[in-house]
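Novice: Submitted below is the structure of interest, expressed as structure tokens.
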Amino acid sequence: MIQTEQIFKSFGPLTVLKGIDLSIKPGEIVSIVGPSGAGKTTLLQIIGTLDSPDSGKLTINGVETSKLKEKELAAFRNRNIGFVFQFHQLLPEFTALENVMIPALIGKVKAGDAEKKAKEMLDFLKLSDRMTHKPAELSGGEKQRVAVARALINHPSVILADEPSGSLDSHNKEELHQLFFELRKEFNQTFVIVTHDEQLAANTDRVIHLIDGVIQH
Ligand code: ADP
């Protein structure tokens, strides 16, 4: 589903990724661990097509992403990739329901259909009684579940999560981790998770150790 071949990335004189070869199967839950500054976030941004490599190839669902024009890439990203960040990044002026609907609306789903899908997703994540709340009125764990619902709304091929439980207490952390596995069971959802959390990493199907821009084997 996701393949990278010899991805290199530098920022000025600093080479952050030094030839990354990766292959991720549908339904796999993969974690990326490694010391701070190892290049984990940079790699996730590149897999998410939010940043482009200096050289190397990224293929998602058989599409070589470098071949897409800017507009095509934005549409491809919206349809195929869901993002969950450490800080939920929900839009504060919108309700939970509206936040979840946004990627569907960007994907040109009709408002009524987007609302129906968003409600189903929030329902699945046990947030039906929080739909009309704005982010400031939700707990940390609820906000992160809304962010997961938003990431899921277009049934993306993969969800990329950067320290998703980094700002949660241990109870909410546990719930979020369980949710990832439930989503895999329900939708065969694929996840790539950057984490410092040894316990989460140890529970995933595969742990990728990134040190100084190189995958350790
Ligand atoms: P990690 O997620 O493993 O902590 P990052 O991918 O965030 O590592 O960063 C790897 C290195 O690249 C760090 O030294 C960081 O300072 C640098 N870096 C990341 N993004 C940029 C950028 N946009 N401009 C310059 N340097 C960057």
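In the structure tokens, each chain is lettered A, B, ... as it comes, each chain's residues begin at 1, and ligands are numbered from 1 in order of appearance.
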Tell me, as a list of chain:residue names, which residues lie within 12 Å of Ile106 (chain A), counting only C-alpha atoms; anything in the same chain fewer than 6 positions away does not count.
Specialist: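 Counting only C-alpha atoms, the residues come to A:Ala74, A:Ala75, A:Phe76, A:Arg77, A:Asn78, A:Arg79, A:Asn99, A:Val100, A:Ala114, A:Arg150, A:Ile153, A:Asn154.
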Novice: Would you put the residues from that selection into a file with C-alpha atoms, as a tab-separated table (two decimals), in the first residue's frame?
Specialist:
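Here's the written file result-v3.tsv:
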chain	number	residue	atom	x	y	z
A	74	ALA	CA	-4.04	17.80	-2.66
A	75	ALA	CA	-7.11	15.81	-3.75
A	76	PHE	CA	-5.16	12.53	-3.56
A	77	ARG	CA	-3.97	13.38	-0.04
A	78	ASN	CA	-7.46	14.34	1.15
A	79	ARG	CA	-8.90	11.08	-0.19
A	99	ASN	CA	-14.76	19.52	12.21
A	100	VAL	CA	-15.28	15.88	11.23
A	114	ALA	CA	-20.98	14.47	4.78
A	150	ARG	CA	-11.99	13.50	11.14
A	153	ILE	CA	-14.21	10.30	7.42
A	154	ASN	CA	-12.98	9.72	3.85
Novice: If the limit is 8 Å from any atom of ligand 1, counting only C-alpha atoms and all ligand atoms, which residues qualify? Return them as a list of chain:residue names.
Specialist: A:Ser10, A:Phe11, A:Gly12, A:Leu14, A:Thr15, A:Val16, A:Val33, A:Gly34, A:Pro35, A:Ser36, A:Gly37, A:Ala38, A:Gly39, A:Lys40, A:Thr41, A:Thr42, A:Leu43, A:Val194, A:Leu210, A:Gly213
Novice: If we count only C-alpha atoms and set the cut-off at 7 Å, which residues sit around region 132-137 of chain A, ignoring sequence neighbours fewer than 4 positions away in its own chain? Please answer as a list in words.
Specialist: Leu90, Pro92, Glu93, Phe94, Thr95, Ala96, Leu97 and Lys143 of chain A
Novice: With a distance cut-off of 9 Å and only C-alpha atoms, select the neighbouring residues of Leu168 (chain A), excluding the residue or stretch itself and same-chain residues fewer than 6 positions from it, and output the selection as a list in words.
Specialist: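 My list of contacting residues is Gln86, Gly140, Gly141 and Gln144 of chain A.
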Novice: Could you please take those selected residues and save N, CA and C atoms as a CSV table (one decimal), in the first residue's frame?
Specialist:
chain,number,residue,atom,x,y,z
A,86,GLN,N,-0.3,15.3,17.6
A,86,GLN,CA,-0.2,15.3,19.1
A,86,GLN,C,-1.3,16.3,19.6
A,140,GLY,N,-9.5,16.3,26.7
A,140,GLY,CA,-8.4,16.0,25.9
A,140,GLY,C,-8.6,14.7,25.1
A,141,GLY,N,-9.1,13.6,25.8
A,141,GLY,CA,-9.3,12.4,25.1
A,141,GLY,C,-10.4,12.5,24.0
A,144,GLN,N,-9.1,14.2,21.0
A,144,GLN,CA,-8.3,13.4,20.1
A,144,GLN,C,-9.2,12.3,19.4
Novice: Name all residues at most 12 Å from Glu175 (chain A) (count only C-alpha atoms; drop same-chain ones fewer than 5 positions away) and give them as a PyMOL selection string.
Specialist: chain A and resi 125-126+140-142+144-145+164-165+168-170+180-182+200
Novice: Keeping C-alpha atoms, export the residues of the selection given above as a JSON list (two decimals), in the first residue's frame.
Specialist:
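Result written to part-v2.json:
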[["chain", "number", "residue", "atom", "x", "y", "z"],
["A", 125, "LEU", "CA", -16.21, 6.55, 18.39],
["A", 126, "LYS", "CA", -18.83, 6.93, 21.16],
["A", 140, "GLY", "CA", -8.37, 15.96, 25.89],
["A", 141, "GLY", "CA", -9.33, 12.37, 25.11],
["A", 142, "GLU", "CA", -12.57, 13.45, 23.39],
["A", 144, "GLN", "CA", -8.30, 13.36, 20.14],
["A", 145, "ARG", "CA", -11.19, 10.99, 19.28],
["A", 164, "PRO", "CA", -1.13, 10.89, 18.91],
["A", 165, "SER", "CA", -1.22, 10.14, 22.62],
["A", 168, "LEU", "CA", -3.04, 12.45, 26.95],
["A", 169, "ASP", "CA", -3.07, 10.99, 30.46],
["A", 170, "SER", "CA", -2.56, 7.25, 30.84],
["A", 180, "PHE", "CA", -6.56, 2.10, 16.70],
["A", 181, "PHE", "CA", -6.81, -1.68, 17.02],
["A", 182, "GLU", "CA", -10.63, -1.59, 16.90],
["A", 200, "LEU", "CA", 2.23, 1.45, 22.21]]
Novice: Excluding Glu5 (chain A) and residues on its chain fewer than 6 positions from it, collect all residues at most 12 Å away from it, counting only C-alpha atoms, and give them as number ranges by chain.
Specialist: A: 17-23, 47, 53, 55-60, 64
Novice: Which residue out of A:Val30, A:Asp205, A:Phe124, A:Ile193 has the minimum interatomic distance to Leu152 (chain A) when only C-alpha atoms are used?
Specialist: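 Residue with the minimum atom-to-atom distance to Leu152 (chain A): A:Phe124.
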Novice: Do you know which residues are at most 7 Å from Asn61 (chain A) counting only C-alpha atoms, after dropping those on the same chain fewer than 2 positions away, and could you put them as a ChimeraX atom specification?
Specialist: /A:1-2,59,63
Novice: Keeping only N, CA and C atoms, write those residues as a PDB file, in the first residue's frame.
Specialist:
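Below is the file result16.pdb, written as the result:
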ATOM      1  N   MET A   1       0.831  -1.213   0.000  1.00  0.00           N
ATOM      2  CA  MET A   1       0.000   0.000   0.000  1.00  0.00           C
ATOM      3  C   MET A   1       0.864   1.262   0.000  1.00  0.00           C
ATOM      4  N   ILE A   2       1.895   1.263   0.869  1.00  0.00           N
ATOM      5  CA  ILE A   2       2.831   2.396   0.887  1.00  0.00           C
ATOM      6  C   ILE A   2       4.222   1.843   0.647  1.00  0.00           C
ATOM      7  N   THR A  59       5.305   5.675  -3.294  1.00  0.00           N
ATOM      8  CA  THR A  59       4.135   5.146  -4.000  1.00  0.00           C
ATOM      9  C   THR A  59       3.064   4.806  -2.966  1.00  0.00           C
ATOM     10  N   VAL A  63       0.099   4.654  -6.812  1.00  0.00           N
ATOM     11  CA  VAL A  63       0.290   5.967  -7.440  1.00  0.00           C
ATOM     12  C   VAL A  63       1.633   6.546  -6.998  1.00  0.00           C
TER      13      VAL A  63
END
Novice: Which value, in Å to one decimal, gives the distance between CA of Asn80 (chain A) and CA of Val158 (chain A)?
Specialist: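 Straight-line distance from CA of Asn80 (chain A) to CA of Val158 (chain A) works out to 6.6 Å.
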Novice: Taking the chain letters and numbering used in this document, name the residues of region 12-204 of chain A that DSSP puts in strand (DSSP E), as a PyMOL selection string.
Specialist: chain A and resi 14-24+29-33+55-60+63-64+81-84+158-162+190-194
Novice: Of the candidates A:Ala149, A:Glu174, A:Leu73, A:Gln3, which one gets nearest to Ser128 (chain A) if we count only C-alpha atoms?
Specialist: A:Ala149
Novice: Please identify the helix (DSSP H, G or I) residues within region 28-189 of chain A (assignment by DSSP from backbone atoms) and present them as a VMD selection string.
Specialist: chain A and resid 40 to 47 65 to 67 70 to 80 96 to 106 111 to 124 128 to 130 135 to 137 140 to 152 170 to 187
Novice: Given the choices A:Ser52, A:Ser139, A:Ser66, A:Gln89, which gets closest to Asn172 (chain A) if the distance is worked out from only C-alpha atoms?
Specialist: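 Comparing A:Ser52, A:Ser139, A:Ser66, A:Gln89 against Asn172 (chain A), the winner is A:Ser139.
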Novice: Could you tell me how far CA of Leu183 (chain A) lies from CA of Val109 (chain A), in Å and to one decimal?
Specialist: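 Distance reported for this atom pair: 22.3 Å.
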